[in-house]
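Okay, entry_27.cif now, which holds mmCIF, C-alpha atoms and all ligand atoms:
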data_run
loop_
_atom_site.label_atom_id
_atom_site.label_comp_id
_atom_site.auth_asym_id
_atom_site.auth_seq_id
_atom_site.Cartn_x
_atom_site.Cartn_y
_atom_site.Cartn_z
CA MET A 844 20.58 -25.26 4.53
CA PRO A 845 17.44 -27.20 5.52
CA PRO A 846 14.50 -25.96 3.48
CA CYS A 847 12.04 -25.34 6.27
CA SER A 848 13.94 -23.91 9.22
CA GLY A 849 12.38 -21.52 11.67
CA ALA A 850 9.20 -20.28 10.07
CA SER A 851 6.83 -22.75 11.69
CA SER A 852 8.43 -23.10 15.09
CA ARG A 853 6.03 -20.62 16.66
CA LYS A 854 2.96 -22.34 15.35
CA ARG A 855 0.61 -23.35 18.08
CA LYS A 856 -1.56 -26.32 17.25
CA GLN A 857 -3.95 -26.17 20.17
CA PRO A 858 -4.48 -22.68 21.51
CA PRO A 859 -5.88 -22.41 25.01
CA VAL A 860 -9.62 -22.13 25.04
CA ALA A 861 -10.90 -18.90 26.48
CA GLY A 862 -13.69 -18.84 29.02
CA THR A 863 -14.49 -21.44 31.56
CA GLY A 864 -14.27 -24.97 30.35
CA SER A 865 -17.66 -26.26 29.39
CA SER A 866 -18.15 -29.95 28.95
CA GLY A 867 -17.36 -31.14 25.44
CA GLU A 868 -16.26 -28.84 22.66
CA GLY A 869 -19.37 -29.76 20.72
CA GLN A 870 -18.46 -30.05 17.09
CA GLY A 871 -20.55 -27.80 14.92
CA LYS A 872 -22.01 -26.00 17.92
CA SER A 873 -21.85 -22.27 17.43
CA ARG A 874 -20.02 -21.64 20.68
CA LEU A 875 -17.36 -19.17 19.63
CA ILE A 876 -13.82 -19.69 20.82
CA ASP A 877 -12.23 -16.32 21.48
CA LEU A 878 -8.99 -16.21 19.56
CA SER A 879 -8.11 -12.58 20.24
CA GLY A 880 -4.63 -12.11 21.61
CA LEU A 881 -3.48 -15.50 20.34
CA ARG A 882 -0.71 -15.95 17.84
CA PHE A 883 -0.78 -18.32 14.85
CA GLY A 884 2.45 -18.32 12.91
CA ARG A 885 3.00 -14.71 11.96
CA LEU A 886 -0.52 -13.63 12.78
CA LEU A 887 -1.54 -12.03 16.04
CA VAL A 888 -5.32 -12.09 16.35
CA LEU A 889 -6.76 -8.67 17.18
CA GLU A 890 -10.52 -9.05 17.14
CA ARG A 891 -13.62 -10.67 15.68
CA ALA A 892 -14.33 -9.51 12.15
CA GLY A 893 -17.75 -10.87 11.31
CA ILE A 894 -18.34 -13.96 9.22
CA ASN A 895 -17.53 -14.95 5.68
CA SER A 896 -20.02 -16.02 3.02
CA HIS A 897 -20.02 -19.57 4.43
CA ASN A 898 -20.97 -18.36 7.91
CA HIS A 899 -17.51 -19.05 9.34
CA PRO A 900 -16.24 -16.57 11.91
CA LEU A 901 -13.43 -14.30 10.75
CA TRP A 902 -10.72 -12.74 12.86
CA LEU A 903 -8.85 -9.56 12.12
CA SER A 904 -5.18 -10.38 12.57
CA LEU A 905 -1.98 -8.42 12.43
CA CYS A 906 0.84 -10.03 10.51
CA ASP A 907 4.47 -9.63 11.59
CA CYS A 908 5.10 -7.89 8.27
CA GLY A 909 2.64 -5.11 9.16
CA ASN A 910 -0.27 -6.17 6.95
CA THR A 911 -3.60 -7.12 8.39
CA LYS A 912 -5.65 -10.11 7.36
CA LYS A 913 -9.14 -11.34 8.05
CA ALA A 914 -8.62 -15.01 8.64
CA GLN A 915 -11.06 -17.82 9.22
CA GLY A 916 -10.78 -19.06 12.80
CA GLU A 917 -10.76 -22.66 11.70
CA ASN A 918 -7.88 -22.06 9.30
CA LEU A 919 -5.89 -20.29 12.00
CA ARG A 920 -6.39 -23.16 14.43
CA ASP A 921 -5.60 -25.80 11.84
CA GLY A 922 -2.40 -24.05 10.80
CA VAL A 923 -3.68 -23.47 7.27
CA THR A 924 -3.35 -19.69 7.61
CA LYS A 925 -0.06 -18.60 9.12
CA SER A 926 0.48 -15.16 7.63
CA CYS A 927 -1.13 -12.47 5.50
CA GLY A 928 0.32 -14.25 2.49
CA CYS A 929 3.85 -12.95 2.95
CA LEU A 930 5.04 -16.31 4.25
CA SER A 931 4.23 -18.27 1.12
CA ALA A 932 5.63 -15.39 -0.91
CA GLU A 933 8.88 -15.67 1.02
CA LEU A 934 9.01 -19.42 0.72
CA SER A 935 8.45 -18.99 -2.98
CA LYS A 936 11.26 -16.45 -3.05
CA ARG A 937 13.52 -18.83 -1.15
CA ARG A 938 12.82 -21.62 -3.61
CA MET A 939 13.60 -19.24 -6.45
CA THR A 940 16.86 -18.21 -4.87
CA LYS A 941 17.79 -21.84 -5.17
CA HIS A 942 16.97 -21.71 -8.87
CA GLY A 943 19.09 -18.62 -9.34
CA LEU A 944 16.21 -16.43 -10.53
CA ALA A 945 16.08 -14.18 -7.49
CA LYS A 946 18.02 -11.40 -9.18
CA SER A 947 16.50 -11.92 -12.61
CA PRO A 948 14.34 -9.30 -14.39
CA VAL A 949 11.33 -11.60 -14.24
CA PHE A 950 11.57 -11.91 -10.47
CA ARG A 951 11.95 -8.15 -10.15
CA ALA A 952 8.89 -7.69 -12.35
CA TRP A 953 6.90 -9.98 -10.06
CA ILE A 954 8.01 -8.10 -6.94
CA MET A 955 7.23 -4.69 -8.45
CA MET A 956 3.86 -5.84 -9.74
CA ARG A 957 2.85 -6.99 -6.26
CA GLN A 958 4.20 -3.80 -4.72
CA ARG A 959 2.20 -1.56 -7.05
CA CYS A 960 -0.98 -3.44 -6.28
CA THR A 961 -0.69 -4.21 -2.57
CA ASN A 962 1.72 -1.80 -0.89
CA LYS A 963 -0.03 1.47 -0.08
CA SER A 964 3.28 3.23 0.42
CA ASN A 965 4.54 2.33 -3.04
CA LYS A 966 4.76 5.51 -5.11
CA SER A 967 2.73 3.98 -7.94
CA TYR A 968 0.05 2.43 -5.74
CA HIS A 969 -2.57 5.08 -6.59
CA ASN A 970 -2.38 4.06 -10.25
CA TYR A 971 -2.70 0.36 -9.49
CA GLY A 972 -3.97 -1.05 -6.19
CA GLY A 973 -5.55 2.31 -5.46
CA ARG A 974 -7.55 2.00 -8.68
CA GLY A 975 -8.66 -1.51 -7.87
CA ILE A 976 -6.08 -3.24 -10.08
CA LYS A 977 -5.30 -6.62 -8.55
CA VAL A 978 -2.78 -9.39 -9.04
CA CYS A 979 -4.69 -12.61 -9.77
CA LYS A 980 -4.75 -15.33 -7.11
CA ARG A 981 -2.56 -17.58 -9.19
CA TRP A 982 0.27 -15.05 -9.20
CA LEU A 983 -0.15 -13.14 -5.98
CA ASN A 984 1.87 -15.43 -3.76
CA SER A 985 3.56 -17.66 -6.30
CA PHE A 986 6.47 -16.48 -8.34
CA GLU A 987 6.65 -19.98 -9.81
CA ASN A 988 3.22 -19.61 -11.38
CA PHE A 989 4.03 -16.15 -12.68
CA TYR A 990 7.25 -17.40 -14.22
CA LYS A 991 5.52 -20.42 -15.71
CA ASP A 992 2.97 -18.14 -17.39
CA VAL A 993 5.04 -15.22 -18.64
CA GLY A 994 8.59 -16.58 -18.87
CA SER A 995 11.60 -14.30 -19.05
CA PRO A 996 11.40 -10.89 -20.77
CA PRO A 997 12.68 -10.99 -24.39
CA SER A 998 15.05 -8.08 -23.68
CA PRO A 999 16.11 -5.84 -20.78
CA ASN A 1000 13.81 -3.17 -22.27
CA HIS A 1001 10.70 -5.28 -21.81
CA GLN A 1002 8.40 -4.81 -18.85
CA ILE A 1003 5.31 -6.66 -17.79
CA ASP A 1004 2.35 -4.83 -19.29
CA ARG A 1005 -1.40 -5.18 -19.09
CA ILE A 1006 -3.24 -5.36 -22.40
CA ASP A 1007 -6.37 -3.83 -20.93
CA ASN A 1008 -5.12 -0.98 -18.80
CA ASP A 1009 -8.13 -1.23 -16.51
CA GLY A 1010 -7.81 -4.98 -16.09
CA ASP A 1011 -5.98 -7.00 -13.45
CA TYR A 1012 -2.64 -8.72 -13.65
CA THR A 1013 -3.72 -12.09 -15.04
CA PRO A 1014 -2.16 -14.52 -17.51
CA LYS A 1015 -4.63 -13.42 -20.19
CA ASN A 1016 -4.16 -9.70 -19.66
CA CYS A 1017 -0.36 -9.55 -19.44
CA LYS A 1018 2.53 -9.56 -21.84
CA TRP A 1019 6.09 -8.32 -22.02
CA SER A 1020 6.22 -4.94 -23.78
CA THR A 1021 8.76 -2.23 -24.39
CA GLN A 1022 8.08 1.25 -23.05
CA VAL A 1023 7.05 2.40 -26.54
CA GLU A 1024 4.54 -0.42 -26.87
CA GLN A 1025 3.23 0.38 -23.42
CA ASN A 1026 2.74 4.03 -24.32
CA ASN A 1027 0.81 2.98 -27.40
CA ASN A 1028 -1.28 0.72 -25.24
CA ARG A 1029 -2.02 3.55 -22.81
CA ARG A 1030 -3.07 5.75 -25.67
CA SER A 1031 -5.32 3.05 -27.02
CA ASN A 1032 -7.01 3.00 -23.65
CA HIS A 1033 -8.39 6.49 -24.08
CA PHE A 1034 -12.13 6.22 -24.37
CA ILE A 1035 -13.88 7.08 -27.59
CA PHE A 1036 -17.51 7.01 -28.61
CA ALA A 1037 -18.44 4.98 -31.67
CA CYS A 1038 -21.43 2.97 -32.80
CA GLY A 1039 -23.41 4.23 -29.84
CA LYS A 1040 -20.94 2.76 -27.37
CA ARG A 1041 -18.20 4.08 -25.13
CA GLY A 1042 -15.03 2.02 -25.29
CA THR A 1043 -11.28 2.03 -25.68
CA ILE A 1044 -9.63 1.84 -29.07
CA ALA A 1045 -8.35 -1.57 -28.02
CA GLN A 1046 -11.88 -2.77 -27.32
CA PHE A 1047 -13.23 -1.49 -30.65
CA SER A 1048 -10.22 -3.04 -32.32
CA ARG A 1049 -11.05 -6.45 -30.89
CA LEU A 1050 -14.71 -5.99 -31.69
CA PHE A 1051 -14.36 -5.15 -35.38
CA GLY A 1052 -10.90 -6.48 -36.21
CA ILE A 1053 -9.34 -3.17 -37.20
CA LYS A 1054 -5.79 -2.55 -35.94
CA PRO A 1055 -5.59 -0.01 -33.08
CA ALA A 1056 -2.92 1.93 -35.01
CA THR A 1057 -5.29 2.20 -38.00
CA ILE A 1058 -8.13 3.44 -35.84
CA ARG A 1059 -5.86 5.99 -34.17
CA ARG A 1060 -4.55 7.23 -37.50
CA ARG A 1061 -8.06 7.60 -38.89
CA LEU A 1062 -9.29 9.47 -35.85
CA SER A 1063 -6.27 11.77 -35.92
CA VAL A 1064 -7.15 12.87 -39.48
CA GLY A 1065 -10.75 13.49 -38.60
CA TRP A 1066 -12.63 10.35 -39.64
CA ASP A 1067 -16.07 9.79 -38.24
CA ALA A 1068 -15.59 7.45 -35.25
CA ASP A 1069 -18.23 4.93 -36.39
CA ILE A 1070 -16.45 4.48 -39.70
CA ALA A 1071 -12.95 4.62 -38.21
CA VAL A 1072 -13.60 1.62 -35.98
CA THR A 1073 -15.63 -0.50 -38.44
CA LEU A 1074 -14.42 0.03 -42.01
CA LYS A 1075 -12.12 -2.79 -43.22
CA PRO A 1076 -8.98 -1.31 -44.78
ZN ZN B 1101 2.60 -10.75 6.29
#
Target encoding structure tokens, full file:
Amino acid sequence: MPPCSGASSRKRKQPPVAGTGSSGEGQGKSRLIDLSGLRFGRLLVLERAGINSHNHPLWLSLCDCGNTKKAQGENLRDGVTKSCGCLSAELSKRRMTKHGLAKSPVFRAWIMMRQRCTNKSNKSYHNYGGRGIKVCKRWLNSFENFYKDVGSPPSPNHQIDRIDNDGDYTPKNCKWSTQVEQNNNRRSNHFIFACGKRGTIAQFSRLFGIKPATIRRRLSVGWDADIAVTLKP
């Protein structure tokens, strides 16, 4: 099968210019070309959506997959932006199918991670995307990068887990853990007050070099929090 069939056939390089033709397109002139109603790849442009931080006009577009995306007009016209991100995700998936990883646990983990963070109808969304937990740029649309960074799970019981439960899915904040380890991690993310600060057991553990399990055990038998998080065993 040829690697790049279909997908780009609907791409339109030069969309018709709306309005009456004025002389010269005037590079850099702020005359706005109305893109609404035009299609670029999978994106159907709906309406103007302000400007980005670099003063470039943005367009709210509806992707064939149902997501919306604010895209830069320039990128739409140049064919740089062709979907909400689902296209590169699919291409990535297709490449992986070739490598035989499409049905692997690591691929499933990548799919589920993205679902939890980006799909509002996912049953876990409120605990992830709904709480502002994001998948980092490097991983969001590239299974290859995810796989490069985390590898395959050590056993079928391992799941991708975030070290800081309030942090994003990033190479630094993720590891493969068993359910038991994950539960421990959750528990360590309960906030405590010690040394005049509010923090998780994990954070105090990193700060003072005392194992989270030690801190938890101490607190459970009634130690003063300041001492529990600081005293070397
Ligand atoms: Zn899409």
Shell around Tyr971 in chain A at 8 Å using all atoms listed in the file, local window under 6 positions removed, as number ranges by chain: A: 959-960, 977
Given a cut-off of 7 Å, what residues near ligand ZN 1101 (chain B) show up using only C-alpha atoms and all ligand atoms, put as an mmCIF file with C-alpha atoms, in the coordinates of the input?
data_model
loop_
_atom_site.group_PDB
_atom_site.id
_atom_site.type_symbol
_atom_site.label_atom_id
_atom_site.label_comp_id
_atom_site.auth_asym_id
_atom_site.auth_seq_id
_atom_site.Cartn_x
_atom_site.Cartn_y
_atom_site.Cartn_z
ATOM 1 C CA ARG A 885 3.000 -14.710 11.960
ATOM 2 C CA CYS A 906 0.840 -10.030 10.510
ATOM 3 C CA ASP A 907 4.470 -9.630 11.590
ATOM 4 C CA CYS A 908 5.100 -7.890 8.270
ATOM 5 C CA GLY A 909 2.640 -5.110 9.160
ATOM 6 C CA ASN A 910 -0.270 -6.170 6.950
ATOM 7 C CA SER A 926 0.480 -15.160 7.630
ATOM 8 C CA CYS A 927 -1.130 -12.470 5.500
ATOM 9 C CA GLY A 928 0.320 -14.250 2.490
ATOM 10 C CA CYS A 929 3.850 -12.950 2.950
ATOM 11 C CA LEU A 930 5.040 -16.310 4.250
#
Point out the residue among A:Phe986, A:Gln1046, A:Val1023, A:Ile1035 with the least atom-to-atom distance to Asn1008 in chain A, counting only C-alpha atoms. A:Gln1046
Give, as lines of an AutoDock Vina configuration file, the centre coordinates and the x, y and z edge lengths in Å to one decimal for an axis-aligned box around all listed atoms of range 995-1010 of chain A, padded by 5 Å on each side.
center_x = 4.0
center_y = -7.6
center_z = -20.2
size_x = 34.2
size_y = 23.3
size_z = 18.3
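Note that CA of Val923 in chain A and CA of Arg937 in chain A are 19.7 Å apart.
The two atoms in question, CA of Arg1059 in chain A and CA of Pro997 in chain A, are spaced 27.0 Å apart.
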Determine, counting only C-alpha atoms, which protein, DNA and RNA residues have an atom within 10 Å of an atom of Leu934 in chain A; residues of the same chain fewer than 2 positions away are not included. Present the result as a PDB file with C-alpha atoms, in the coordinates of the input.
ATOM      1  CA  PRO A 846      14.500 -25.960   3.480  1.00  0.00           C
ATOM      2  CA  CYS A 847      12.040 -25.340   6.270  1.00  0.00           C
ATOM      3  CA  ALA A 850       9.200 -20.280  10.070  1.00  0.00           C
ATOM      4  CA  CYS A 929       3.850 -12.950   2.950  1.00  0.00           C
ATOM      5  CA  LEU A 930       5.040 -16.310   4.250  1.00  0.00           C
ATOM      6  CA  SER A 931       4.230 -18.270   1.120  1.00  0.00           C
ATOM      7  CA  ALA A 932       5.630 -15.390  -0.910  1.00  0.00           C
ATOM      8  CA  LYS A 936      11.260 -16.450  -3.050  1.00  0.00           C
ATOM      9  CA  ARG A 937      13.520 -18.830  -1.150  1.00  0.00           C
ATOM     10  CA  ARG A 938      12.820 -21.620  -3.610  1.00  0.00           C
ATOM     11  CA  MET A 939      13.600 -19.240  -6.450  1.00  0.00           C
ATOM     12  CA  THR A 940      16.860 -18.210  -4.870  1.00  0.00           C
ATOM     13  CA  ASN A 984       1.870 -15.430  -3.760  1.00  0.00           C
ATOM     14  CA  SER A 985       3.560 -17.660  -6.300  1.00  0.00           C
ATOM     15  CA  PHE A 986       6.470 -16.480  -8.340  1.00  0.00           C
TER      16      PHE A 986
END
Go ahead and compute the interatomic distance for CA of Glu933 in chain A and CA of Arg920 in chain A, in Å to one decimal. 21.7 Å
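Among the candidates A:Ser947, A:Thr1073, A:Gln1022, A:Asn1016, the one nearest to Cys1038 in chain A when counting all atoms listed in the file is A:Thr1073.
Proximity ranking of A:Ser995, A:Gln915, A:Lys946, A:Asn1000 relative to Ser896 in chain A places A:Gln915 first, based on only C-alpha atoms.
Between Lys1018 in chain A and the candidates A:Gln1002, A:Asn895, A:Thr1043, A:Thr924, the tightest atom-to-atom separation, counting all atoms listed in the file, involves A:Gln1002.
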Hey, what's within 12 Å of Ala1068 in chain A if we count only C-alpha atoms and toss same-chain stuff fewer than 2 positions away? As a PyMOL selection string, please? chain A and resi 1034-1044+1047+1057-1066+1070-1074
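Distances here use all atoms listed in the file; by that measure, the residue among A:Ser935, A:Thr1021, A:Asn965, A:Asn970 closest to Asp1009 in chain A is A:Asn970.
Shortest atom-to-atom contact with Ser998 in chain A among A:Ile954, A:Val949, A:Leu887, A:Leu875: A:Val949, counting only C-alpha atoms.
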